[in-house]
$ cat final-v1.txt   # compact mmCIF, C-alpha atoms and all ligand atoms
# COMPACT_ATOMS: atom_id res chain seq x y z
CA MET A 60 109.56 86.43 66.60
CA THR A 61 111.75 88.90 64.69
CA SER A 62 113.04 92.01 66.47
CA LYS A 63 115.25 94.69 65.07
CA ILE A 64 117.87 96.05 67.47
CA ALA A 65 120.04 99.10 66.77
CA VAL A 66 123.41 98.50 68.43
CA LEU A 67 125.68 101.46 69.16
CA PRO A 68 128.97 100.16 70.66
CA GLY A 69 130.50 103.65 71.15
CA ASP A 70 133.93 104.13 72.75
CA GLY A 71 136.39 102.65 75.26
CA ILE A 72 134.99 99.47 76.80
CA GLY A 73 131.68 100.06 74.96
CA PRO A 74 132.54 97.78 71.99
CA GLU A 75 133.99 95.13 74.36
CA VAL A 76 130.88 94.80 76.52
CA ILE A 77 128.56 95.04 73.51
CA GLN A 78 130.34 92.10 71.89
CA GLU A 79 129.47 89.96 74.92
CA ALA A 80 125.85 91.16 74.88
CA LEU A 81 125.64 90.06 71.25
CA LYS A 82 126.87 86.58 72.26
CA VAL A 83 124.01 86.39 74.73
CA LEU A 84 121.46 87.51 72.09
CA GLN A 85 122.85 84.88 69.72
CA ARG A 86 122.43 82.22 72.39
CA LEU A 87 118.87 83.38 73.14
CA SER A 88 117.94 83.18 69.49
CA THR A 89 119.15 79.57 69.39
CA VAL A 90 117.48 78.48 72.63
CA PHE A 91 114.19 80.37 72.27
CA LYS A 92 114.01 80.44 68.44
CA HIS A 93 113.86 84.22 68.07
CA ASP A 94 115.35 86.19 65.23
CA PHE A 95 117.20 89.26 66.49
CA HIS A 96 118.14 91.43 63.55
CA ILE A 97 121.13 93.56 64.58
CA GLU A 98 122.11 96.78 62.84
CA GLU A 99 125.18 98.64 64.14
CA GLY A 100 125.56 102.43 64.15
CA LEU A 101 128.25 104.94 65.05
CA ALA A 102 127.87 107.09 68.17
CA GLY A 103 130.11 109.22 70.39
CA GLY A 104 133.84 109.50 69.69
CA ALA A 105 133.66 106.63 67.19
CA ALA A 106 131.25 108.74 65.11
CA LEU A 107 133.28 111.94 65.58
CA ASP A 108 136.36 110.20 64.17
CA VAL A 109 134.55 108.99 61.06
CA VAL A 110 131.92 111.62 60.22
CA GLY A 111 132.76 114.57 62.49
CA VAL A 112 129.58 114.59 64.63
CA PRO A 113 128.73 112.56 67.77
CA LEU A 114 125.28 111.48 66.56
CA PRO A 115 125.11 111.11 62.76
CA GLU A 116 121.76 111.30 60.97
CA GLU A 117 122.40 107.77 59.66
CA THR A 118 122.59 106.46 63.26
CA LEU A 119 119.32 108.18 64.16
CA LYS A 120 117.71 106.62 61.11
CA ILE A 121 118.84 103.15 62.20
CA CYS A 122 117.52 103.79 65.74
CA ARG A 123 114.15 105.14 64.60
CA SER A 124 113.56 102.14 62.36
CA SER A 125 114.43 99.63 65.12
CA ASP A 126 112.37 98.11 67.93
CA ALA A 127 115.00 99.00 70.55
CA VAL A 128 118.47 100.55 70.92
CA LEU A 129 121.36 98.95 72.81
CA LEU A 130 124.21 101.34 73.61
CA GLY A 131 127.68 100.55 75.03
CA ALA A 132 129.24 103.78 76.32
CA VAL A 133 130.59 106.99 74.84
CA GLY A 134 133.43 109.35 75.70
CA GLY A 135 137.16 109.35 76.31
CA PRO A 136 140.20 111.59 76.84
CA LYS A 137 140.81 111.91 73.09
CA TRP A 138 137.71 114.12 72.72
CA ASP A 139 137.69 115.81 76.16
CA THR A 140 138.88 119.17 74.81
CA ASN A 141 136.28 119.27 72.00
CA PRO A 142 133.81 122.15 72.11
CA SER A 143 130.53 121.21 73.80
CA PRO A 144 128.46 120.36 70.66
CA LEU A 145 131.27 118.06 69.51
CA LYS A 146 131.68 116.09 72.72
CA PRO A 147 130.88 112.34 72.47
CA GLU A 148 128.41 112.63 75.38
CA ARG A 149 126.19 114.86 73.21
CA ALA A 150 125.14 111.64 71.46
CA LEU A 151 123.29 110.58 74.64
CA LEU A 152 121.38 113.86 74.98
CA GLY A 153 120.58 113.77 71.26
CA LEU A 154 119.25 110.20 71.44
CA ARG A 155 117.09 111.00 74.48
CA LYS A 156 115.65 114.05 72.75
CA GLU A 157 115.15 112.52 69.31
CA LEU A 158 113.61 109.31 70.66
CA GLY A 159 111.44 111.17 73.23
CA LEU A 160 112.85 109.20 76.18
CA TYR A 161 111.23 110.72 79.28
CA ALA A 162 111.53 107.79 81.71
CA ASN A 163 114.77 106.39 83.09
CA LEU A 164 114.59 102.98 84.76
CA ARG A 165 117.43 101.90 87.02
CA PRO A 166 117.13 98.63 88.90
CA ALA A 167 119.27 97.83 91.90
CA LYS A 168 119.33 94.12 92.65
CA ILE A 169 121.59 92.28 95.06
CA TYR A 170 122.95 89.00 93.77
CA SER A 171 123.39 86.69 96.75
CA ALA A 172 126.95 85.80 95.67
CA LEU A 173 127.88 89.49 95.91
CA LEU A 174 126.39 90.28 99.33
CA ASN A 175 129.89 91.11 100.56
CA ALA A 176 130.50 93.66 97.78
CA SER A 177 128.02 96.16 99.25
CA SER A 178 129.24 98.86 101.60
CA LEU A 179 126.22 98.10 103.82
CA LYS A 180 125.82 95.11 106.14
CA LYS A 181 124.65 91.84 104.57
CA GLU A 182 121.51 91.74 106.72
CA ILE A 183 120.45 95.13 105.33
CA VAL A 184 121.03 94.51 101.62
CA ARG A 185 119.88 90.87 101.47
CA ASN A 186 116.78 90.61 99.21
CA VAL A 187 117.15 94.11 97.74
CA ASP A 188 115.51 94.14 94.31
CA LEU A 189 114.17 97.59 93.51
CA LEU A 190 113.62 99.79 90.48
CA VAL A 191 113.94 103.58 90.41
CA VAL A 192 111.76 105.20 87.73
CA ARG A 193 113.10 108.72 87.21
CA GLU A 194 111.40 111.44 85.15
CA LEU A 195 114.08 112.47 82.67
CA THR A 196 112.99 115.48 80.62
CA GLY A 197 111.25 117.87 83.04
CA GLY A 198 111.67 119.52 86.43
CA LEU A 199 114.53 121.71 87.62
CA TYR A 200 116.97 120.58 84.91
CA PHE A 201 114.83 122.03 82.12
CA GLY A 202 112.46 124.59 83.75
CA GLU A 203 112.46 128.21 82.56
CA PRO A 204 113.35 130.85 83.61
CA ARG A 205 116.88 129.84 84.53
CA GLY A 206 120.25 131.57 84.75
CA ILE A 207 122.46 133.76 86.88
CA GLU A 208 121.46 137.42 87.08
CA ARG A 209 122.58 140.49 88.99
CA SER A 210 120.20 141.82 91.58
CA HIS A 211 120.80 144.44 94.30
CA GLY A 212 124.57 144.41 93.74
CA GLN A 213 125.10 140.64 93.84
CA GLU A 214 124.68 137.57 91.61
CA VAL A 215 121.53 135.48 92.01
CA GLY A 216 121.07 131.98 90.56
CA VAL A 217 117.61 130.93 89.35
CA ASN A 218 116.17 127.56 88.34
CA THR A 219 112.52 126.68 87.95
CA LEU A 220 110.79 123.50 89.11
CA ARG A 221 107.80 122.98 86.84
CA TYR A 222 105.74 119.87 86.05
CA SER A 223 102.52 119.64 84.08
CA GLU A 224 99.76 117.09 84.77
CA SER A 225 100.50 115.27 81.51
CA GLU A 226 104.23 114.93 82.31
CA ILE A 227 103.41 113.44 85.73
CA ASP A 228 100.67 111.19 84.34
CA ARG A 229 102.90 109.58 81.71
CA ILE A 230 105.81 108.84 84.09
CA ALA A 231 103.38 107.40 86.65
CA VAL A 232 101.98 105.10 83.95
CA VAL A 233 105.53 103.84 83.21
CA ALA A 234 106.00 103.09 86.93
CA PHE A 235 102.70 101.22 87.33
CA GLU A 236 103.27 99.22 84.13
CA ALA A 237 106.80 98.31 85.31
CA ALA A 238 105.41 97.30 88.73
CA ARG A 239 102.98 94.91 87.02
CA LYS A 240 106.02 93.07 85.64
CA ARG A 241 107.55 92.91 89.13
CA ARG A 242 106.14 92.64 92.68
CA LYS A 243 103.32 95.12 92.03
CA GLN A 244 104.10 97.93 94.50
CA VAL A 245 104.72 101.59 93.69
CA CYS A 246 106.18 104.15 96.10
CA SER A 247 105.90 107.71 94.80
CA VAL A 248 108.56 110.02 96.23
CA ASP A 249 108.02 113.78 96.56
CA LYS A 250 108.31 116.73 98.94
CA ALA A 251 104.60 117.50 99.13
CA ASN A 252 104.89 119.00 102.63
CA ILE A 253 106.84 121.93 101.13
CA LEU A 254 106.58 122.07 97.31
CA GLU A 255 103.43 122.84 95.29
CA THR A 256 104.92 120.89 92.35
CA SER A 257 105.03 117.87 94.65
CA GLN A 258 101.42 118.43 95.75
CA LEU A 259 100.35 118.26 92.11
CA TRP A 260 102.68 115.27 91.61
CA ARG A 261 100.99 113.41 94.49
CA LYS A 262 97.48 114.24 93.21
CA VAL A 263 98.20 113.07 89.65
CA VAL A 264 100.09 109.91 90.68
CA SER A 265 97.18 109.01 93.02
CA ALA A 266 94.71 109.46 90.14
CA VAL A 267 96.81 107.21 87.89
CA GLY A 268 97.00 104.71 90.77
CA GLU A 269 93.19 104.36 90.68
CA ARG A 270 93.57 102.98 87.13
CA TYR A 271 95.86 100.25 88.56
CA PRO A 272 93.84 98.77 91.46
CA ASP A 273 96.09 95.66 91.44
CA VAL A 274 99.19 97.77 92.29
CA PRO A 275 99.17 99.27 95.81
CA LEU A 276 100.53 102.84 95.90
CA THR A 277 102.31 104.54 98.79
CA HIS A 278 103.81 108.03 99.06
CA MET A 279 107.04 108.99 100.80
CA TYR A 280 108.89 112.27 101.32
CA VAL A 281 112.24 112.34 99.56
CA ASP A 282 114.28 112.92 102.74
CA ASN A 283 112.67 109.89 104.35
CA CYS A 284 113.25 107.83 101.18
CA ALA A 285 116.97 108.71 101.21
CA MET A 286 117.06 107.40 104.78
CA GLN A 287 114.95 104.28 104.14
CA LEU A 288 117.23 103.30 101.22
CA VAL A 289 120.09 102.73 103.65
CA ARG A 290 117.95 101.60 106.61
CA ASN A 291 115.66 99.04 104.96
CA PRO A 292 116.06 99.04 101.16
CA ALA A 293 114.35 95.65 100.74
CA GLN A 294 110.98 97.32 101.48
CA PHE A 295 110.91 98.90 97.99
CA ASP A 296 109.71 97.50 94.68
CA VAL A 297 109.20 100.44 92.27
CA ILE A 298 110.12 104.00 93.31
CA VAL A 299 108.81 106.73 91.00
CA THR A 300 110.06 110.28 91.32
CA GLU A 301 110.87 113.51 89.51
CA ASN A 302 114.13 114.31 87.74
CA LEU A 303 116.35 115.80 90.48
CA PHE A 304 115.17 113.47 93.28
CA GLY A 305 115.56 110.51 90.88
CA ASP A 306 119.07 111.54 89.87
CA ILE A 307 120.19 111.42 93.49
CA LEU A 308 118.14 108.44 94.72
CA SER A 309 119.10 106.22 91.75
CA ASP A 310 122.80 106.71 92.50
CA GLU A 311 122.21 106.04 96.19
CA ALA A 312 120.27 102.86 95.33
CA ALA A 313 122.98 101.79 92.86
CA MET A 314 125.64 101.87 95.55
CA LEU A 315 123.74 99.27 97.56
CA THR A 316 124.87 96.66 95.04
CA GLY A 317 128.65 97.08 94.96
CA SER A 318 130.20 97.48 91.49
CA ILE A 319 129.26 99.91 88.75
CA GLY A 320 129.99 97.08 86.30
CA MET A 321 126.74 95.39 87.40
CA LEU A 322 124.20 98.17 86.82
CA PRO A 323 121.85 98.20 83.82
CA SER A 324 119.42 100.94 82.74
CA ALA A 325 116.56 101.60 80.36
CA SER A 326 115.21 104.85 78.97
CA LEU A 327 111.62 104.63 77.78
CA GLY A 328 109.13 107.05 76.30
CA GLY A 329 108.56 107.08 72.56
CA ASN A 330 108.20 104.09 70.24
CA VAL A 331 111.83 103.03 70.58
CA ALA A 332 113.44 102.54 74.00
CA MET A 333 117.15 102.64 74.73
CA TYR A 334 119.09 100.25 76.97
CA GLU A 335 122.61 100.83 78.28
CA PRO A 336 124.89 100.08 81.22
CA VAL A 337 125.08 102.83 83.84
CA HIS A 338 128.88 102.97 83.61
CA GLY A 339 130.90 105.04 81.13
CA SER A 340 133.60 104.08 78.63
CA ALA A 341 136.21 103.35 81.36
CA PRO A 342 139.29 104.50 79.37
CA ASP A 343 141.55 103.27 82.21
CA ILE A 344 140.77 99.61 81.41
CA ALA A 345 139.70 99.83 77.74
CA GLY A 346 141.27 97.29 75.38
CA GLN A 347 142.61 95.11 78.22
CA GLY A 348 139.82 92.53 78.49
CA LYS A 349 139.09 93.66 82.05
CA ALA A 350 135.60 95.17 81.66
CA ASN A 351 132.65 93.52 83.36
CA PRO A 352 129.99 92.88 80.68
CA ILE A 353 127.22 92.08 83.20
CA ALA A 354 125.71 95.62 83.27
CA THR A 355 125.26 95.48 79.49
CA ILE A 356 123.92 91.93 79.53
CA ALA A 357 121.48 92.87 82.32
CA SER A 358 120.44 95.79 80.07
CA VAL A 359 119.62 93.19 77.40
CA ALA A 360 117.39 91.46 79.97
CA MET A 361 115.59 94.78 80.50
CA MET A 362 115.17 95.14 76.74
CA LEU A 363 113.62 91.67 76.51
CA ARG A 364 111.26 92.50 79.37
CA TYR A 365 110.19 96.07 78.55
CA SER A 366 110.47 96.36 74.74
CA PHE A 367 109.72 92.80 73.63
CA ASN A 368 107.61 91.53 76.55
CA LEU A 369 109.73 88.34 76.62
CA GLN A 370 109.55 87.58 80.35
CA ALA A 371 110.88 84.00 80.27
CA GLU A 372 113.85 85.07 78.16
CA ALA A 373 114.61 88.01 80.49
CA ASP A 374 114.39 85.67 83.49
CA ALA A 375 116.79 83.25 81.75
CA VAL A 376 119.40 85.99 81.29
CA GLU A 377 119.06 87.13 84.92
CA ARG A 378 119.31 83.53 86.15
CA SER A 379 122.48 83.04 84.09
CA ILE A 380 124.04 86.06 85.84
CA GLU A 381 123.00 84.65 89.23
CA SER A 382 124.43 81.19 88.48
CA VAL A 383 127.73 82.40 87.00
CA LEU A 384 128.32 84.58 90.07
CA ALA A 385 127.32 81.74 92.38
CA ALA A 386 129.95 79.55 90.65
CA GLY A 387 132.59 82.08 91.73
CA LEU A 388 133.31 83.48 88.26
CA ARG A 389 134.39 87.13 88.43
CA THR A 390 135.80 89.93 86.30
CA GLY A 391 138.50 92.08 87.94
CA ASP A 392 136.11 94.66 89.43
CA LEU A 393 134.48 91.95 91.60
CA TYR A 394 137.43 89.62 92.17
CA GLN A 395 138.79 89.14 95.69
CA THR A 396 142.24 87.54 95.60
CA SER A 397 141.96 85.78 98.95
CA SER A 398 138.93 83.71 98.04
CA SER A 399 138.13 80.71 95.87
CA GLU A 400 137.00 82.81 92.93
CA THR A 401 138.08 82.50 89.29
CA LEU A 402 139.23 85.63 87.49
CA LEU A 403 137.83 85.92 83.96
CA THR A 404 138.40 88.23 81.01
CA THR A 405 135.48 90.17 79.51
CA SER A 406 135.17 87.62 76.73
CA ALA A 407 135.35 84.57 79.02
CA MET A 408 132.63 86.11 81.23
CA GLY A 409 130.46 86.62 78.12
CA ASP A 410 131.00 82.98 77.13
CA ALA A 411 130.10 81.76 80.63
CA LEU A 412 126.90 83.84 80.69
CA ALA A 413 125.81 82.78 77.21
CA ASN A 414 126.52 79.11 78.00
CA ALA A 415 124.50 79.34 81.24
CA ILE A 416 121.33 80.19 79.27
P1 LIG B 1 133.32 105.20 84.11
O1 LIG B 1 132.00 104.61 84.50
O2 LIG B 1 133.72 105.03 82.69
O3 LIG B 1 134.48 104.57 85.03
C1 LIG B 1 134.54 104.75 86.44
C2 LIG B 1 135.39 103.64 87.07
O4 LIG B 1 134.66 102.42 87.05
C3 LIG B 1 136.69 103.38 86.32
O5 LIG B 1 137.70 103.04 87.22
C4 LIG B 1 136.36 102.17 85.45
O6 LIG B 1 137.48 101.36 85.14
C5 LIG B 1 135.35 101.43 86.31
N1 LIG B 1 134.37 100.72 85.46
C6 LIG B 1 133.38 101.28 84.74
N2 LIG B 1 132.70 100.34 84.07
C7 LIG B 1 133.29 99.17 84.37
C8 LIG B 1 133.04 97.82 83.96
N3 LIG B 1 132.04 97.49 83.10
N4 LIG B 1 133.83 96.86 84.44
C9 LIG B 1 134.83 97.14 85.31
N5 LIG B 1 135.11 98.40 85.73
C10 LIG B 1 134.35 99.40 85.26
O7 LIG B 1 133.26 106.76 84.48
P2 LIG B 1 134.33 107.91 84.20
O8 LIG B 1 135.72 107.38 84.35
O9 LIG B 1 133.87 109.04 85.03
O10 LIG B 1 134.10 108.33 82.67
C11 LIG B 1 134.88 107.84 81.58
C12 LIG B 1 134.26 108.36 80.28
O11 LIG B 1 132.95 107.82 80.11
C13 LIG B 1 134.10 109.88 80.26
O12 LIG B 1 134.41 110.32 78.95
C14 LIG B 1 132.62 110.08 80.56
O13 LIG B 1 132.11 111.27 80.02
C15 LIG B 1 132.01 108.88 79.89
N6 LIG B 1 130.70 108.45 80.44
C16 LIG B 1 129.83 107.94 79.56
C17 LIG B 1 128.62 107.44 80.00
C18 LIG B 1 127.70 106.83 78.99
O14 LIG B 1 128.10 106.57 77.87
N7 LIG B 1 126.46 106.56 79.34
C19 LIG B 1 128.31 107.44 81.36
C20 LIG B 1 129.25 107.94 82.26
C21 LIG B 1 130.47 108.44 81.79
$ encode --input "final-v1.txt" --output "structure tokens"
Amino acid sequence: MTSKIAVLPGDGIGPEVIQEALKVLQRLSTVFKHDFHIEEGLAGGAALDVVGVPLPEETLKICRSSDAVLLGAVGGPKWDTNPSPLKPERALLGLRKELGLYANLRPAKIYSALLNASSLKKEIVRNVDLLVVRELTGGLYFGEPRGIERSHGQEVGVNTLRYSESEIDRIAVVAFEAARKRRKQVCSVDKANILETSQLWRKVVSAVGERYPDVPLTHMYVDNCAMQLVRNPAQFDVIVTENLFGDILSDEAAMLTGSIGMLPSASLGGNVAMYEPVHGSAPDIAGQGKANPIATIASVAMMLRYSFNLQAEADAVERSIESVLAAGLRTGDLYQTSSSETLLTTSAMGDALANAI
């Protein structure tokens, strides 16, 4: 199989973690006999420095003609004082918009070797393996009218929560399809006891659910879900929810697992999906070989699973992460000095993961 991947290393630790992800892809192509055709593009500060814009047309062209996009991270102090349209982070918004990415997938999985890294008790986080599917382009963050106006002698802030049937239908489809690749359970999260938007959400998600009789659907109010995530997070497989609720719940779920260096993500929607670690460019550790590449390598596993439908290959990458952690190998963000762990550089961790496949 030949797949074309647009690779955008970006800034800070972005190029460092991407280099390790490329090692893993190289190893996969040897073991599983696939041909991954890699084309690199400039994004973020790296693009600003060379061509003066955060998302050059050339980069978009590379992305549009690829089967998937793998991004490192963008941003850094060098560009912090740039005017808004010339900030590196604008590359992310531009990619989401241009590629029509309306679904954000964020898994939170506990690796047994890292049970102690969670801020919750081991008994609570053991067996957590969930996926938050967040609607990314609708809801309160985009609804009109919006703004701050003067009314009766004081300022009043306005935002609008609006969802159409088609927006809800398509995100629900993403959730059910993702569930079919997992443990086949969907929990739709809303506030249907108060919000009309949520009542429509519940109706449309239920209708989509009838098209997936093999995937049981449950509904939960968002306040209860926030509570259940810290009370009994192992009960969840796929959680699907609207933009604002998803923003908050995906961060809450992420914290169950310990380090930000472990968290992958996918943004789906149009023909080309984008995969990236949840973390940023970490300027405080950039260039020092300290970055944990696992979030990016786990993002590669998501790419194999969701864009290329290569389940065995995705499983192999995830197993390599599990086994390397079980062997006590750690980058600095996970390392505990008092234990029998081995501290590795970014590059040595990449080698260990690639060799474990
Ligand atoms: P950050 O995620 O870059 O870093 C937060 C903390 O986590 C830092 O202490 C960092 O050293 C640590 N960390 C992050 N990733 C790590 C890894 N892989 N291994 C080990 N430690 C890791 O967030 P920040 O400091 O708020 O932002 C830094 C820059 O990144 C800013 O310019 C911000 O705008 C940008 N940013 C970009 C993205 C993205 O590209 N998707 C996301 C978030 C922030």
$ residues_near_ligand --input "final-v1.txt" --ligand "ligand LIG 1 (chain B)" --cutoff "9 Å" --atoms "all atoms listed in the file" --output "PyMOL selection string"
chain A and resi 69-73+76+103+130-139+146-148+150-151+318-322+335-345+349-355+390-393+405
$ atom_distance --input "final-v1.txt" --atom1 "CA of Gln370 (chain A)" --atom2 "CA of Met333 (chain A)"
17.8 Å
$ atom_distance --input "final-v1.txt" --atom1 "CA of Ala167 (chain A)" --atom2 "CA of Gln287 (chain A)"
14.5 Å
$ closest_residue --input "final-v1.txt" --among "A:Leu154, A:Val299, A:Leu195, A:Ala411" --to "Gly387 (chain A)" --atoms "only C-alpha atoms"
A:Ala411
$ residues_around --input "final-v1.txt" --residues "Lys250 (chain A)" --least-positions-apart "3" --cutoff "6 Å" --atoms "all atoms listed in the file" --output "PDB file with C-alpha atoms, in the frame of the given file"
ATOM      1  CA  ILE A 253     106.840 121.930 101.130  1.00  0.00           C
ATOM      2  CA  LEU A 254     106.580 122.070  97.310  1.00  0.00           C
ATOM      3  CA  SER A 257     105.030 117.870  94.650  1.00  0.00           C
ATOM      4  CA  TYR A 280     108.890 112.270 101.320  1.00  0.00           C
ATOM      5  CA  VAL A 281     112.240 112.340  99.560  1.00  0.00           C
TER       6      VAL A 281
END
$ residues_around --input "final-v1.txt" --residues "Leu327 (chain A)" --least-positions-apart "2" --cutoff "10 Å" --atoms "only C-alpha atoms" --output "list in words"
Ala127, Arg155, Leu158, Gly159, Leu160, Tyr161, Ala162, Asn163, Leu164, Val192, Leu195, Ile230, Val233, Ser324, Ala325, Gly329, Asn330, Val331, Ala332, Met333, Tyr334, Tyr365 and Ser366 of chain A
$ decode --input "final-v1.txt" --residues "region 385-393 of chain A" --atoms "all heavy atoms" --output "mmCIF file, in the first residue's frame"
data_model
loop_
_atom_site.group_PDB
_atom_site.id
_atom_site.type_symbol
_atom_site.label_atom_id
_atom_site.label_comp_id
_atom_site.auth_asym_id
_atom_site.auth_seq_id
_atom_site.Cartn_x
_atom_site.Cartn_y
_atom_site.Cartn_z
ATOM 1 N N ALA A 385 6.611 -0.375 29.945
ATOM 2 C CA ALA A 385 6.682 -1.482 30.906
ATOM 3 C C ALA A 385 8.136 -1.832 31.223
ATOM 4 O O ALA A 385 8.452 -2.301 32.319
ATOM 5 C CB ALA A 385 5.942 -2.699 30.353
ATOM 6 N N ALA A 386 9.041 -1.593 30.255
ATOM 7 C CA ALA A 386 10.469 -1.882 30.464
ATOM 8 C C ALA A 386 11.148 -0.778 31.281
ATOM 9 O O ALA A 386 12.360 -0.821 31.505
ATOM 10 C CB ALA A 386 11.165 -2.055 29.118
ATOM 11 N N GLY A 387 10.369 0.224 31.691
ATOM 12 C CA GLY A 387 10.928 1.271 32.557
ATOM 13 C C GLY A 387 11.615 2.404 31.810
ATOM 14 O O GLY A 387 12.288 3.233 32.428
ATOM 15 N N LEU A 388 11.468 2.444 30.481
ATOM 16 C CA LEU A 388 12.113 3.513 29.714
ATOM 17 C C LEU A 388 11.250 4.774 29.785
ATOM 18 O O LEU A 388 10.038 4.719 29.583
ATOM 19 C CB LEU A 388 12.310 3.073 28.258
ATOM 20 C CG LEU A 388 13.040 1.738 28.080
ATOM 21 C CD1 LEU A 388 13.241 1.407 26.609
ATOM 22 C CD2 LEU A 388 14.390 1.765 28.799
ATOM 23 N N ARG A 389 11.890 5.910 30.079
ATOM 24 C CA ARG A 389 11.127 7.146 30.310
ATOM 25 C C ARG A 389 11.864 8.359 29.771
ATOM 26 O O ARG A 389 13.092 8.471 29.926
ATOM 27 C CB ARG A 389 10.954 7.404 31.825
ATOM 28 C CG ARG A 389 10.291 6.307 32.628
ATOM 29 C CD ARG A 389 8.768 6.378 32.499
ATOM 30 N NE ARG A 389 8.118 5.474 33.425
ATOM 31 C CZ ARG A 389 7.862 4.179 33.171
ATOM 32 N NH1 ARG A 389 8.222 3.641 32.018
ATOM 33 N NH2 ARG A 389 7.265 3.423 34.077
ATOM 34 N N THR A 390 11.118 9.319 29.188
ATOM 35 C CA THR A 390 11.680 10.656 28.969
ATOM 36 C C THR A 390 11.481 11.456 30.261
ATOM 37 O O THR A 390 10.766 11.010 31.172
ATOM 38 C CB THR A 390 10.976 11.353 27.794
ATOM 39 O OG1 THR A 390 9.580 11.118 27.894
ATOM 40 C CG2 THR A 390 11.505 10.867 26.453
ATOM 41 N N GLY A 391 12.110 12.633 30.331
ATOM 42 C CA GLY A 391 12.158 13.392 31.583
ATOM 43 C C GLY A 391 10.811 13.703 32.202
ATOM 44 O O GLY A 391 10.676 13.734 33.429
ATOM 45 N N ASP A 392 9.781 13.927 31.374
ATOM 46 C CA ASP A 392 8.458 14.291 31.905
ATOM 47 C C ASP A 392 7.834 13.165 32.714
ATOM 48 O O ASP A 392 6.954 13.412 33.541
ATOM 49 C CB ASP A 392 7.516 14.701 30.752
ATOM 50 C CG ASP A 392 7.443 13.643 29.667
ATOM 51 O OD1 ASP A 392 8.494 13.076 29.309
ATOM 52 O OD2 ASP A 392 6.337 13.366 29.183
ATOM 53 N N LEU A 393 8.275 11.915 32.493
ATOM 54 C CA LEU A 393 7.673 10.765 33.186
ATOM 55 C C LEU A 393 8.611 10.151 34.220
ATOM 56 O O LEU A 393 8.222 9.316 35.017
ATOM 57 C CB LEU A 393 7.317 9.659 32.170
ATOM 58 C CG LEU A 393 6.389 10.033 31.019
ATOM 59 C CD1 LEU A 393 6.317 8.882 30.006
ATOM 60 C CD2 LEU A 393 4.991 10.332 31.543
#
